[in-house]
Every structure is written in structure tokens, then in C-alpha cells.
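Just structure_38.tsv here, TSV, C-alpha atoms and all ligand atoms:
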```tsv
chain	number	residue	atom	x	y	z
A	1	MET	CA	117.34	44.07	158.53
A	2	ARG	CA	118.11	41.84	161.50
A	3	ALA	CA	119.34	43.22	164.82
A	4	VAL	CA	121.10	41.39	167.64
A	5	SER	CA	121.49	43.19	170.98
A	6	ILE	CA	124.64	42.55	172.95
A	7	SER	CA	124.55	43.34	176.64
A	8	ALA	CA	128.19	43.60	177.53
A	9	SER	CA	129.83	46.24	179.80
A	10	ARG	CA	128.69	48.63	177.06
A	11	PRO	CA	125.45	47.47	175.39
A	12	TYR	CA	125.18	47.77	171.61
A	13	GLU	CA	123.43	46.40	168.57
A	14	VAL	CA	124.69	44.37	165.65
A	15	ARG	CA	122.55	45.31	162.64
A	16	ILE	CA	122.71	43.06	159.60
A	17	GLY	CA	121.10	43.96	156.30
A	18	SER	CA	121.68	44.74	152.65
A	19	GLY	CA	122.34	48.38	151.91
A	20	LEU	CA	123.44	49.32	155.43
A	21	LEU	CA	126.71	50.85	154.19
A	22	SER	CA	124.89	53.64	152.39
A	23	ASP	CA	122.85	54.17	155.56
A	24	LEU	CA	125.95	54.49	157.79
A	25	GLY	CA	125.55	58.23	158.43
A	26	ALA	CA	121.83	58.00	159.21
A	27	GLN	CA	122.42	55.02	161.52
A	28	LEU	CA	125.05	57.01	163.43
A	29	ARG	CA	122.77	60.05	163.68
A	30	GLY	CA	120.38	57.75	165.52
A	31	LEU	CA	123.07	57.16	168.16
A	32	PHE	CA	124.56	60.63	168.58
A	33	ASP	CA	122.53	63.79	168.97
A	34	ALA	CA	125.11	66.10	167.40
A	35	PRO	CA	127.24	65.40	164.32
A	36	ARG	CA	130.85	64.61	165.10
A	37	SER	CA	134.11	64.04	163.33
A	38	VAL	CA	134.54	60.46	162.14
A	39	MET	CA	137.83	58.77	161.23
A	40	VAL	CA	137.15	55.96	158.76
A	41	VAL	CA	139.92	53.36	159.15
A	42	SER	CA	140.39	50.92	156.25
A	43	ASP	CA	143.07	49.07	154.36
A	44	ASP	CA	143.86	50.24	150.82
A	45	THR	CA	141.75	47.53	149.13
A	46	VAL	CA	138.62	48.18	151.17
A	47	SER	CA	139.11	51.94	151.08
A	48	ALA	CA	139.14	51.89	147.27
A	49	LEU	CA	136.02	49.69	147.13
A	50	TYR	CA	133.84	51.13	149.88
A	51	GLY	CA	135.52	54.24	151.34
A	52	PRO	CA	133.73	56.71	149.04
A	53	ALA	CA	130.26	55.27	149.81
A	54	ALA	CA	130.95	55.37	153.55
A	55	GLU	CA	132.22	58.93	153.44
A	56	ARG	CA	129.34	60.12	151.27
A	57	SER	CA	126.85	58.65	153.70
A	58	LEU	CA	128.60	60.24	156.69
A	59	ARG	CA	128.80	63.66	155.07
A	60	ASP	CA	125.17	63.52	153.95
A	61	ALA	CA	124.24	62.98	157.59
A	62	GLY	CA	126.28	66.01	158.67
A	63	PHE	CA	129.42	64.27	159.95
A	64	CYS	CA	132.88	65.56	159.18
A	65	SER	CA	134.63	62.57	157.65
A	66	GLU	CA	138.39	61.85	157.69
A	67	ARG	CA	140.15	58.79	156.33
A	68	PHE	CA	143.08	56.67	157.59
A	69	VAL	CA	144.28	54.09	155.07
A	70	PHE	CA	146.95	51.43	155.63
A	71	PRO	CA	148.38	48.68	153.37
A	72	HIS	CA	146.15	45.59	153.44
A	73	GLY	CA	147.23	42.48	155.30
A	74	GLU	CA	148.16	41.19	158.73
A	75	ARG	CA	151.58	42.82	158.41
A	76	SER	CA	149.95	46.20	159.01
A	77	LYS	CA	148.53	45.15	162.40
A	78	THR	CA	151.52	46.65	164.22
A	79	LEU	CA	152.38	49.21	166.83
A	80	SER	CA	153.74	51.48	164.11
A	81	THR	CA	150.44	51.55	162.15
A	82	TYR	CA	148.67	52.05	165.47
A	83	ALA	CA	150.98	54.98	166.31
A	84	ALA	CA	150.38	56.52	162.87
A	85	LEU	CA	146.62	56.26	163.43
A	86	GLN	CA	146.88	57.88	166.87
A	87	GLN	CA	148.90	60.71	165.35
A	88	ALA	CA	146.35	61.14	162.54
A	89	LEU	CA	143.57	61.45	165.14
A	90	LEU	CA	145.51	64.11	167.03
A	91	THR	CA	146.48	66.02	163.89
A	92	ALA	CA	142.84	66.06	162.77
A	93	GLY	CA	141.86	67.45	166.20
A	94	PHE	CA	139.82	64.44	167.36
A	95	THR	CA	138.48	64.58	170.90
A	96	ARG	CA	136.55	62.12	173.04
A	97	SER	CA	133.29	63.30	171.53
A	98	ASP	CA	134.40	62.13	168.06
A	99	LEU	CA	134.48	58.57	166.80
A	100	ILE	CA	136.22	55.97	164.69
A	101	VAL	CA	134.62	53.74	162.07
A	102	ALA	CA	136.48	50.49	161.35
A	103	LEU	CA	135.54	49.72	157.74
A	104	GLY	CA	137.16	46.43	156.79
A	105	GLY	CA	138.12	42.97	157.90
A	106	GLY	CA	139.52	41.83	161.22
A	107	VAL	CA	142.77	43.70	160.74
A	108	ALA	CA	141.05	47.08	160.38
A	109	GLY	CA	138.66	46.20	163.22
A	110	ASP	CA	141.37	45.10	165.66
A	111	LEU	CA	143.64	48.04	164.83
A	112	ALA	CA	140.93	50.72	164.86
A	113	GLY	CA	139.36	49.20	167.96
A	114	PHE	CA	142.65	49.30	169.86
A	115	ALA	CA	143.24	52.89	168.75
A	116	ALA	CA	139.72	53.76	169.96
A	117	ALA	CA	140.35	51.98	173.27
A	118	THR	CA	143.40	54.09	173.99
A	119	TYR	CA	143.19	57.44	172.15
A	120	GLN	CA	142.62	60.02	174.88
A	121	ARG	CA	141.89	57.04	177.18
A	122	GLY	CA	139.06	55.79	175.02
A	123	ILE	CA	136.72	57.08	172.32
A	124	PRO	CA	133.72	55.35	170.71
A	125	TYR	CA	134.04	53.23	167.58
A	126	VAL	CA	131.77	51.48	165.14
A	127	GLN	CA	132.53	48.25	163.31
A	128	VAL	CA	131.55	47.90	159.65
A	129	PRO	CA	132.83	44.41	158.79
A	130	THR	CA	133.65	43.68	155.14
A	131	THR	CA	134.92	40.07	155.39
A	132	LEU	CA	132.87	37.03	156.33
A	133	LEU	CA	135.32	36.43	159.18
A	134	SER	CA	134.87	39.90	160.61
A	135	ALA	CA	131.09	39.74	160.13
A	136	VAL	CA	130.68	36.52	162.10
A	137	ASP	CA	133.55	36.86	164.53
A	138	SER	CA	135.97	39.74	165.02
A	139	SER	CA	133.56	42.70	164.78
A	140	VAL	CA	131.59	41.49	167.82
A	141	GLY	CA	132.87	41.06	171.35
A	142	GLY	CA	135.24	43.96	171.93
A	143	LYS	CA	138.61	42.24	171.64
A	144	THR	CA	141.05	44.66	170.04
A	145	ALA	CA	144.78	44.26	169.49
A	146	VAL	CA	147.91	44.68	167.41
A	147	ASN	CA	150.77	42.21	166.97
A	148	LEU	CA	154.33	42.32	168.27
A	149	PRO	CA	157.19	40.89	166.17
A	150	GLY	CA	157.18	37.86	168.49
A	151	GLY	CA	153.45	37.23	168.71
A	152	LYS	CA	149.95	37.88	167.45
A	153	ASN	CA	147.55	40.12	169.40
A	154	GLN	CA	150.05	40.64	172.21
A	155	VAL	CA	149.10	44.29	172.84
A	156	GLY	CA	145.41	45.04	173.12
A	157	ALA	CA	142.37	45.89	175.16
A	158	PHE	CA	138.77	44.93	175.64
A	159	HIS	CA	136.72	47.80	174.17
A	160	GLN	CA	133.20	47.19	172.92
A	161	PRO	CA	132.01	49.06	169.82
A	162	VAL	CA	128.96	51.33	170.05
A	163	LEU	CA	127.43	49.71	166.96
A	164	VAL	CA	128.20	46.98	164.42
A	165	LEU	CA	126.74	47.53	160.94
A	166	CYS	CA	127.04	44.51	158.70
A	167	ASP	CA	126.07	44.86	155.03
A	168	PRO	CA	126.31	41.40	153.40
A	169	GLU	CA	126.43	43.05	149.94
A	170	LEU	CA	130.02	43.99	150.71
A	171	LEU	CA	131.01	40.32	150.82
A	172	HIS	CA	130.39	39.93	147.06
A	173	SER	CA	133.82	41.38	146.28
A	174	LEU	CA	135.68	39.06	148.69
A	175	PRO	CA	138.33	36.84	147.06
A	176	PRO	CA	137.41	33.11	147.40
A	177	GLN	CA	140.19	32.41	149.89
A	178	GLU	CA	138.95	35.17	152.19
A	179	TYR	CA	135.44	33.76	151.92
A	180	GLN	CA	136.78	30.36	152.89
A	181	ASN	CA	138.50	31.83	155.95
A	182	GLY	CA	135.11	32.89	157.21
A	183	CYS	CA	133.69	29.46	156.42
A	184	GLY	CA	136.23	27.86	158.77
A	185	GLU	CA	134.78	29.99	161.58
A	186	LEU	CA	131.22	29.17	160.51
A	187	VAL	CA	131.94	25.46	160.88
A	188	LYS	CA	133.34	26.20	164.34
A	189	TYR	CA	130.10	27.95	165.35
A	190	ALA	CA	128.09	25.04	163.98
A	191	MET	CA	130.12	22.56	166.05
A	192	LEU	CA	129.70	24.70	169.18
A	193	SER	CA	125.97	25.27	168.76
A	194	GLY	CA	124.66	22.33	166.70
A	195	ASP	CA	121.29	22.79	165.03
A	196	PRO	CA	119.78	24.85	163.47
A	197	LEU	CA	123.06	26.35	162.24
A	198	TYR	CA	124.67	22.96	161.50
A	199	SER	CA	121.80	21.85	159.24
A	200	ALA	CA	121.48	25.29	157.63
A	201	LEU	CA	125.15	25.23	156.62
A	202	LEU	CA	124.83	21.73	155.19
A	203	SER	CA	121.66	22.40	153.25
A	204	GLU	CA	122.58	25.70	151.54
A	205	PRO	CA	125.91	27.40	150.86
A	206	VAL	CA	126.27	30.39	153.17
A	207	SER	CA	126.43	32.73	150.17
A	208	ARG	CA	122.71	32.05	149.59
A	209	LEU	CA	121.63	32.90	153.14
A	210	PRO	CA	124.17	35.44	154.38
A	211	GLU	CA	121.89	37.46	156.67
A	212	GLN	CA	120.46	34.39	158.35
A	213	VAL	CA	123.85	32.71	158.85
A	214	ILE	CA	125.64	35.86	160.01
A	215	SER	CA	122.92	36.67	162.53
A	216	ALA	CA	122.93	33.07	163.81
A	217	CYS	CA	126.70	33.26	164.39
A	218	VAL	CA	126.44	36.68	166.03
A	219	GLU	CA	123.78	35.32	168.39
A	220	ILE	CA	126.08	32.45	169.35
A	221	LYS	CA	128.98	34.83	169.91
A	222	ARG	CA	126.67	37.16	171.87
A	223	ASP	CA	125.89	34.36	174.33
A	224	PHE	CA	129.58	33.65	174.92
A	225	VAL	CA	130.45	37.34	175.25
A	226	GLN	CA	127.56	38.01	177.63
A	227	SER	CA	128.51	35.15	179.91
A	228	ASP	CA	132.26	35.72	179.79
A	229	GLU	CA	133.14	39.13	178.38
A	230	TRP	CA	136.73	39.04	179.70
A	231	ASP	CA	137.54	35.62	178.24
A	232	THR	CA	138.44	33.71	181.37
A	233	GLY	CA	135.82	30.96	181.14
A	234	CYS	CA	133.39	29.68	178.50
A	235	ARG	CA	134.38	32.26	175.85
A	236	ARG	CA	137.51	30.14	175.44
A	237	LEU	CA	135.32	27.59	173.62
A	238	LEU	CA	135.46	30.00	170.66
A	239	ASN	CA	139.09	28.91	170.34
A	240	PHE	CA	137.98	25.48	169.11
A	241	GLY	CA	140.49	24.47	166.42
A	242	HIS	CA	142.64	27.53	167.05
A	243	THR	CA	145.51	26.15	169.17
A	244	VAL	CA	146.45	23.67	166.47
A	245	GLY	CA	145.30	26.11	163.78
A	246	HIS	CA	147.63	28.90	164.89
A	247	ALA	CA	150.50	26.41	165.06
A	248	ILE	CA	149.80	25.28	161.48
A	249	GLU	CA	149.69	28.91	160.29
A	250	SER	CA	153.00	29.56	161.98
A	251	CYS	CA	154.71	26.34	160.75
A	252	SER	CA	153.58	27.07	157.18
A	253	HIS	CA	154.78	30.70	157.45
A	254	TYR	CA	151.15	31.65	156.84
A	255	ALA	CA	150.90	29.79	153.50
A	256	VAL	CA	147.99	27.89	155.08
A	257	SER	CA	145.22	30.44	155.63
A	258	HIS	CA	143.53	30.95	159.01
A	259	GLY	CA	140.25	29.30	157.98
A	260	GLN	CA	142.00	26.25	156.55
A	261	ALA	CA	144.27	25.96	159.59
A	262	VAL	CA	141.33	26.17	162.00
A	263	ALA	CA	139.51	23.52	159.94
A	264	ILE	CA	142.49	21.18	160.26
A	265	GLY	CA	142.79	22.03	163.97
A	266	MET	CA	139.14	21.11	164.59
A	267	ALA	CA	139.53	17.86	162.66
A	268	VAL	CA	142.74	16.86	164.50
A	269	LEU	CA	141.29	17.45	167.96
A	270	THR	CA	137.99	15.79	167.10
A	271	ARG	CA	139.83	12.68	165.83
A	272	ALA	CA	141.92	12.67	169.02
A	273	ALA	CA	138.83	13.04	171.22
A	274	CYS	CA	137.14	10.25	169.29
A	275	HIS	CA	140.20	8.01	169.62
A	276	ARG	CA	140.15	8.56	173.38
A	277	GLY	CA	136.44	7.81	173.62
A	278	LEU	CA	135.56	11.41	174.59
A	279	CYS	CA	133.54	12.20	171.50
A	280	THR	CA	131.02	10.29	169.43
A	281	PRO	CA	132.14	8.90	166.02
A	282	GLU	CA	129.05	10.65	164.57
A	283	ALA	CA	130.45	14.03	165.68
A	284	LEU	CA	133.64	13.32	163.74
A	285	SER	CA	131.80	12.27	160.59
A	286	ASP	CA	129.43	15.26	160.89
A	287	LEU	CA	132.41	17.63	161.22
A	288	GLU	CA	134.16	16.02	158.25
A	289	ARG	CA	131.00	16.24	156.13
A	290	LEU	CA	130.58	19.95	156.87
A	291	LEU	CA	134.25	20.74	156.27
A	292	ALA	CA	134.12	18.84	152.95
A	293	SER	CA	131.04	20.77	151.85
A	294	TYR	CA	133.03	24.02	152.19
A	295	ASP	CA	136.19	22.50	150.60
A	296	LEU	CA	138.04	22.88	153.87
A	297	PRO	CA	140.98	20.55	154.64
A	298	THR	CA	141.23	18.07	157.52
A	299	HIS	CA	144.90	16.99	157.41
A	300	THR	CA	148.37	18.50	157.57
A	301	ASP	CA	151.79	17.03	156.82
A	302	PHE	CA	153.42	18.94	159.70
A	303	SER	CA	154.52	16.51	162.40
A	304	ALA	CA	153.01	16.31	165.86
A	305	GLN	CA	156.34	17.53	167.28
A	306	ALA	CA	156.46	20.59	165.03
A	307	ILE	CA	152.86	21.54	165.79
A	308	ALA	CA	153.33	21.02	169.54
A	309	ARG	CA	156.47	23.16	169.56
A	310	ALA	CA	154.69	25.99	167.74
A	311	ALA	CA	151.53	25.68	169.84
A	312	LEU	CA	153.32	25.72	173.16
A	313	SER	CA	154.74	29.16	172.43
A	314	ASP	CA	151.16	30.47	172.06
A	315	LYS	CA	150.00	32.97	174.68
A	316	LYS	CA	146.94	30.91	175.65
A	317	ARG	CA	149.12	28.37	177.43
A	318	ARG	CA	149.06	28.81	181.21
A	319	GLY	CA	152.30	27.49	182.68
A	320	ASP	CA	152.76	23.85	181.85
A	321	ARG	CA	149.04	23.27	181.35
A	322	LEU	CA	147.32	23.56	177.97
A	323	PRO	CA	143.57	24.14	177.58
A	324	LEU	CA	142.15	22.09	174.69
A	325	ILE	CA	138.67	22.62	173.29
A	326	LEU	CA	137.13	19.22	172.63
A	327	PRO	CA	133.81	18.38	171.02
A	328	GLU	CA	131.75	15.69	172.72
A	329	ALA	CA	129.01	15.82	170.07
A	330	VAL	CA	127.83	18.36	167.50
A	331	GLY	CA	126.56	21.25	169.60
A	332	ARG	CA	128.47	20.29	172.74
A	333	CYS	CA	132.13	21.22	173.33
A	334	ARG	CA	134.13	21.58	176.51
A	335	VAL	CA	137.51	22.76	177.77
A	336	GLU	CA	139.90	20.02	178.88
A	337	THR	CA	143.15	21.22	180.42
A	338	ILE	CA	146.01	18.81	179.83
A	339	PRO	CA	149.67	18.74	180.87
A	340	ALA	CA	151.55	20.44	178.02
A	341	ARG	CA	153.92	17.47	177.74
A	342	ASP	CA	150.97	15.23	176.72
A	343	PHE	CA	150.05	17.40	173.74
A	344	VAL	CA	152.21	15.48	171.25
A	345	SER	CA	150.38	12.24	172.00
A	346	TRP	CA	147.02	14.00	171.56
A	347	LEU	CA	148.20	15.22	168.16
A	348	ARG	CA	149.30	11.70	167.20
A	349	ASP	CA	145.88	10.41	168.24
A	350	GLY	CA	144.52	13.10	165.96
A	351	GLY	CA	146.33	11.58	162.99
A	352	LEU	CA	149.57	13.61	162.85
A	353	SER	CA	152.83	11.75	162.23
B	1	LIG	P1	141.79	41.23	156.79
B	1	LIG	O1	141.17	42.35	157.52
B	1	LIG	O2	143.24	41.36	156.50
B	1	LIG	O3	141.00	41.01	155.41
B	1	LIG	C1	141.45	40.00	154.56
B	1	LIG	C2	141.72	40.53	153.14
B	1	LIG	O4	140.47	40.77	152.51
B	1	LIG	C3	142.49	41.85	153.09
B	1	LIG	O5	143.44	41.77	152.06
B	1	LIG	C4	141.42	42.88	152.73
B	1	LIG	O6	141.94	43.96	151.98
B	1	LIG	C5	140.46	42.07	151.92
B	1	LIG	N1	139.07	42.51	151.97
B	1	LIG	C6	138.38	42.83	153.08
B	1	LIG	N2	137.10	43.07	152.78
B	1	LIG	C7	136.99	42.92	151.44
B	1	LIG	C8	135.91	43.01	150.53
B	1	LIG	N3	134.67	43.23	150.95
B	1	LIG	N4	136.16	42.81	149.21
B	1	LIG	C9	137.42	42.50	148.79
B	1	LIG	N5	138.47	42.38	149.60
B	1	LIG	C10	138.25	42.59	150.91
B	1	LIG	O7	141.58	39.83	157.55
B	1	LIG	P2	140.31	39.09	158.21
B	1	LIG	O8	140.43	37.70	157.78
B	1	LIG	O9	139.06	39.83	157.99
B	1	LIG	O10	140.65	39.20	159.76
B	1	LIG	C11	141.79	38.58	160.31
B	1	LIG	C12	142.20	39.34	161.54
B	1	LIG	O11	141.13	39.32	162.47
B	1	LIG	C13	143.39	38.75	162.26
B	1	LIG	O12	144.29	39.76	162.56
B	1	LIG	C14	142.81	38.15	163.53
B	1	LIG	O13	143.73	38.19	164.60
B	1	LIG	C15	141.64	39.06	163.77
B	1	LIG	N6	140.57	38.45	164.57
B	1	LIG	C16	140.11	39.14	165.64
B	1	LIG	C17	139.09	38.63	166.41
B	1	LIG	C18	138.55	39.43	167.55
B	1	LIG	O14	137.73	38.93	168.31
B	1	LIG	N7	138.95	40.68	167.70
B	1	LIG	C19	138.52	37.39	166.10
B	1	LIG	C20	138.99	36.72	164.99
B	1	LIG	C21	140.02	37.26	164.23
B	2	MG	MG	139.70	32.64	164.22
```

Mind turning the file's structure into C-alpha cells?
Amino acid sequence: MRAVSISASRPYEVRIGSGLLSDLGAQLRGLFDAPRSVMVVSDDTVSALYGPAAERSLRDAGFCSERFVFPHGERSKTLSTYAALQQALLTAGFTRSDLIVALGGGVAGDLAGFAAATYQRGIPYVQVPTTLLSAVDSSVGGKTAVNLPGGKNQVGAFHQPVLVLCDPELLHSLPPQEYQNGCGELVKYAMLSGDPLYSALLSEPVSRLPEQVISACVEIKRDFVQSDEWDTGCRRLLNFGHTVGHAIESCSHYAVSHGQAVAIGMAVLTRAACHRGLCTPEALSDLERLLASYDLPTHTDFSAQAIARAALSDKKRRGDRLPLILPEAVGRCRVETIPARDFVSWLRDGGLS
């Protein structure tokens, strides 16, 4: 097992190792002196696959285990699912000495985390990520949220988990597209940090070295979270590829998956930076080589105008200025804030029509 300590406003460990799911109860007994009630929050797919093992482990360790299951998919990350979860906690008699376990991908983690942040003004929660994306990204860092009809993650809170338990065995059942979503984020981490992650991802597919790659990504995320927990400074670098990526997801009505959209977003901005002499040509070819090795795309047919329109309605825009994350070289990225009206010409420099 590998362990990464995060010293945020609430310190906690991310533990990564095969078989950790069946050890969930024992791991929690190590954190809490008395057994408590635990609400395991999962979507229907994950609940069917891993709910029984989680609950068995909790009960064996003396916890009283309850289950909240919602239909899988982003469409469940709403205020109404959140309200149903709050009501389930109240009905089951949960108090601030009880806890929530988010067993699932980023949707379960964000939803359960936001419920934990707000139920009775805040109760502890544990993340048990079951997607590659949630293992390397969303389970760490304490951002929790649900969506509004007009926008993603518009209602949320910062609330750090008390523990993250990542069992890479659970990733074996992931559909290929969900695996690829995580790979888009892995490439992002490699571009932000450079070697050794960049070379590791090129030399072996992540599926062969999951513990090593997941812990490397968590360590990178740890450094960003520790220096900028509230996301006002360098943590924004984690949005590399995401401004354009979110716009592509939205323009395609989510037919293009998050990982693919982020891959295209990174490629577009890197081409634009290269065109403007802000980034080395080697960085562009290195990015393209890594994306190709994970079968991730680098182009979209959506026009620069369409992408700009969609991107400029994103919440990360401050007034008429738009922060762009630009690579200068592999392992070195920076934030460049541009006038929003210039964004279309950046996108054209990045190869969009
Ligand atoms: P998800 O939770 O919807 O999971 C994707 C799909 O995979 C679902 O259908 C799920 O049922 C299925 N699945 C999950 N684990 C499985 C397994 N082990 N085997 C088989 N199927 C499994 O989506 P996601 O991609 O994990 O996360 C996306 C969400 O994460 C978005 O809502 C995004 O906003 C959020 N996010 C949050 C942060 C953060 O810092 N909080 C960061 C990145 C993304
Ligand atoms: Mg992302």
C-alpha cells in the first residue's frame, strides 16, 4: 500500500492499494474510536458491483451501515438528489458523529461530499474512488458540488474528506470510455509535472502500473491543494485543457466525453501557445505523442466562434478577462489572463476553423 499525506485545512491520508475495499471497516476503525453509522453513497452501477463488499467490511468492523443509491450519470448530480440524500440521513437518524462514505466516481464523490459539507453544518466523509478519474483527481482536494440546470458545479463547498481509500482492483470493471476519461487527466498531470510521470506514462500503459501512477498524480494534486486549497492561485493550473474542454462537451451535448474534450483542449491551447512563440515545439510534439499513445483526440470540428461562445459562459471567467492555462514546456505551465474578446483568435491559432 502507498500513502500520501495531504496537509490541507483538515489533514488526511490518501491510501492506495489492492484489496483496500475489503479493509474499509478496519481502516475506519483506525480513525474513529467508537463505531458509528455510515451512509454509503453510490450510483446504481457501483452499488451493485461493490456495495455488498463495502457494507460487509463496515459491519464486520462494528459499523452500522446504510445505503443511498442514485441512478448513475452526471444527470443525478442535482439539488434534488442532494435533497433526497439529506432526507435519508435525517430519516436514518444521522448525527455529526456519524459519517458518509462516497463509493463511486466523481459524481458520487461530489454529491456525497457536498451533502457531508452541509448536513447538520458538516459531518465527516470518506472517499472510495472507483473510476480512474476520481482516483487521480476528484477524490482528493475537497471540492464538492452539484449542478444547476444552467451550469455545472454551481452549488458547492470546500470540504476535505477524512480519508481517501483507493483500491485499483475496482478499476478492472470500468468501461473503456470511462478509463479513457481518466487518461485525459493523467496526460494533464504529466504536462504539469513532466518527468518522471511523463516518461512512465509513455513507457507503460497505466493499467500495468496503477498504484504507481495514481500515487504520482495524487502527489501532484497534493502540492497544488496544499499551496492553494481555495483555488484562487496556482491550483487553477489543474484546469489545463478544461476551458476549451468544457466548451467542447457543451457544444457536443456531451457526446464528446470529458477526457476526450480535455485532450482536445490541451492540444488546441498548446498549438496556440506554440504558434505565438510561448511554448517549445517539442512540448507540442511530446503532448501529441502522449495523447496518441492513449488514443486521445487532438482536434474538433466545432468552430472557434462556437467554442468561444460556450467557453465564455463558463463560471471561471472573471469579467471580461479569461484565464488560460498555457504550457511553456513539458513540466512547466502557467496562467495567462487574456481579454475575453481575444479568445477566438487564440482558438484559431490553435487550429480551429
Ligand atoms: P461518474 O461518477 O459518473 O462515473 C462514470 C461512470 O462509470 C458511471 O456510469 C459509473 O456508474 C461508472 N462506474 C464508476 N466506477 C465503476 C467501476 N469501478 N466499474 C464499472 N463502472 C463504474 O463520473 P467520473 O468520470 O468518475 O466523474 C465525473 C464527475 O467528477 C463530474 O461530475 C465532475 O464535475 C467531477 N469532478 C470533480 C472534481 C473535484 O475536484 N471535485 C474533479 C474532477 C471531476
Ligand atoms: Mg477534469

Exercise. Fewer than 5 positions away in the same chain doesn't count, so skip those; otherwise give me all residues within 12 Å of A:Ala84, counting all atoms listed in the file, as a VMD selection string.
Key: chain A and resid 41 68 to 70 76 to 79 89 to 91 111 to 112 115 119

Original post:
Between A:Leu103, A:Leu322, A:Ala200, A:Val187, which is the closest to ligand LIG 1 (chain B) once you count all atoms listed in the file?
Top reply: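 So, comparing all the options, the nearest one is A:Leu103.
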
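For the set A:Leu296, A:Leu192, A:Ala261, A:Val330, the residue with the smallest atom-to-atom gap to ligand MG 2 (chain B) is A:Ala261, counting all atoms listed in the file.
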
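The residue that comes closest to ligand LIG 1 (chain B), out of A:Met191, A:Leu170, A:Ala306, A:Ala53 and on the basis of only C-alpha atoms and all ligand atoms, is A:Leu170.
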
Using only C-alpha atoms, list the residues that have an atom at most 10 Å from (118.5, 40.5, 166.3), coordinates as in the file, as an mmCIF file with C-alpha atoms, keeping the file's coordinate frame.
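Printed below is part.cif as written:
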```cif
data_model
loop_
_atom_site.group_PDB
_atom_site.id
_atom_site.type_symbol
_atom_site.label_atom_id
_atom_site.label_comp_id
_atom_site.auth_asym_id
_atom_site.auth_seq_id
_atom_site.Cartn_x
_atom_site.Cartn_y
_atom_site.Cartn_z
ATOM 1 C CA MET A 1 117.340 44.070 158.530
ATOM 2 C CA ARG A 2 118.110 41.840 161.500
ATOM 3 C CA ALA A 3 119.340 43.220 164.820
ATOM 4 C CA VAL A 4 121.100 41.390 167.640
ATOM 5 C CA SER A 5 121.490 43.190 170.980
ATOM 6 C CA ILE A 6 124.640 42.550 172.950
ATOM 7 C CA GLU A 13 123.430 46.400 168.570
ATOM 8 C CA VAL A 14 124.690 44.370 165.650
ATOM 9 C CA ARG A 15 122.550 45.310 162.640
ATOM 10 C CA ILE A 16 122.710 43.060 159.600
ATOM 11 C CA SER A 215 122.920 36.670 162.530
ATOM 12 C CA ALA A 216 122.930 33.070 163.810
ATOM 13 C CA VAL A 218 126.440 36.680 166.030
ATOM 14 C CA GLU A 219 123.780 35.320 168.390
#
```

Start from the incomplete input, build all heavy atoms for stretch 319-325 of chain A, and deliver everything as a compact mmCIF listing (two decimals), in the coordinates of the input.
```txt
# COMPACT_ATOMS: atom_id res chain seq x y z
N GLY A 319 151.28 28.33 182.06
CA GLY A 319 152.30 27.49 182.68
C GLY A 319 152.51 26.23 181.89
O GLY A 319 152.60 26.26 180.67
N ASP A 320 152.54 25.08 182.58
CA ASP A 320 152.76 23.85 181.85
C ASP A 320 151.45 23.12 181.57
O ASP A 320 151.43 21.93 181.31
CB ASP A 320 153.76 22.95 182.60
CG ASP A 320 153.25 22.65 184.00
OD1 ASP A 320 152.17 23.17 184.37
OD2 ASP A 320 153.93 21.90 184.71
N ARG A 321 150.36 23.84 181.66
CA ARG A 321 149.04 23.27 181.35
C ARG A 321 148.55 23.87 180.04
O ARG A 321 148.82 25.03 179.74
CB ARG A 321 148.03 23.58 182.46
CG ARG A 321 148.53 23.33 183.86
CD ARG A 321 148.42 21.90 184.29
NE ARG A 321 147.04 21.45 184.38
CZ ARG A 321 146.70 20.17 184.44
NH1 ARG A 321 147.62 19.23 184.38
NH2 ARG A 321 145.44 19.82 184.53
N LEU A 322 147.81 23.09 179.27
CA LEU A 322 147.32 23.56 177.97
C LEU A 322 145.82 23.30 177.89
O LEU A 322 145.38 22.16 177.97
CB LEU A 322 148.06 22.80 176.86
CG LEU A 322 147.71 23.18 175.43
CD1 LEU A 322 148.24 24.57 175.11
CD2 LEU A 322 148.32 22.17 174.46
N PRO A 323 145.00 24.37 177.73
CA PRO A 323 143.57 24.14 177.58
C PRO A 323 143.25 23.69 176.14
O PRO A 323 143.64 24.36 175.19
CB PRO A 323 142.94 25.50 177.87
CG PRO A 323 144.01 26.49 177.69
CD PRO A 323 145.34 25.80 177.70
N LEU A 324 142.57 22.56 176.01
CA LEU A 324 142.15 22.09 174.69
C LEU A 324 140.63 22.19 174.62
O LEU A 324 139.94 21.88 175.60
CB LEU A 324 142.53 20.62 174.49
CG LEU A 324 144.01 20.28 174.43
CD1 LEU A 324 144.18 18.79 174.15
CD2 LEU A 324 144.72 21.10 173.35
N ILE A 325 140.12 22.60 173.48
CA ILE A 325 138.67 22.62 173.29
C ILE A 325 138.30 21.34 172.55
O ILE A 325 138.77 21.09 171.44
CB ILE A 325 138.21 23.84 172.45
CG1 ILE A 325 138.92 25.12 172.89
CG2 ILE A 325 136.69 23.98 172.50
CD1 ILE A 325 138.80 25.49 174.33
```
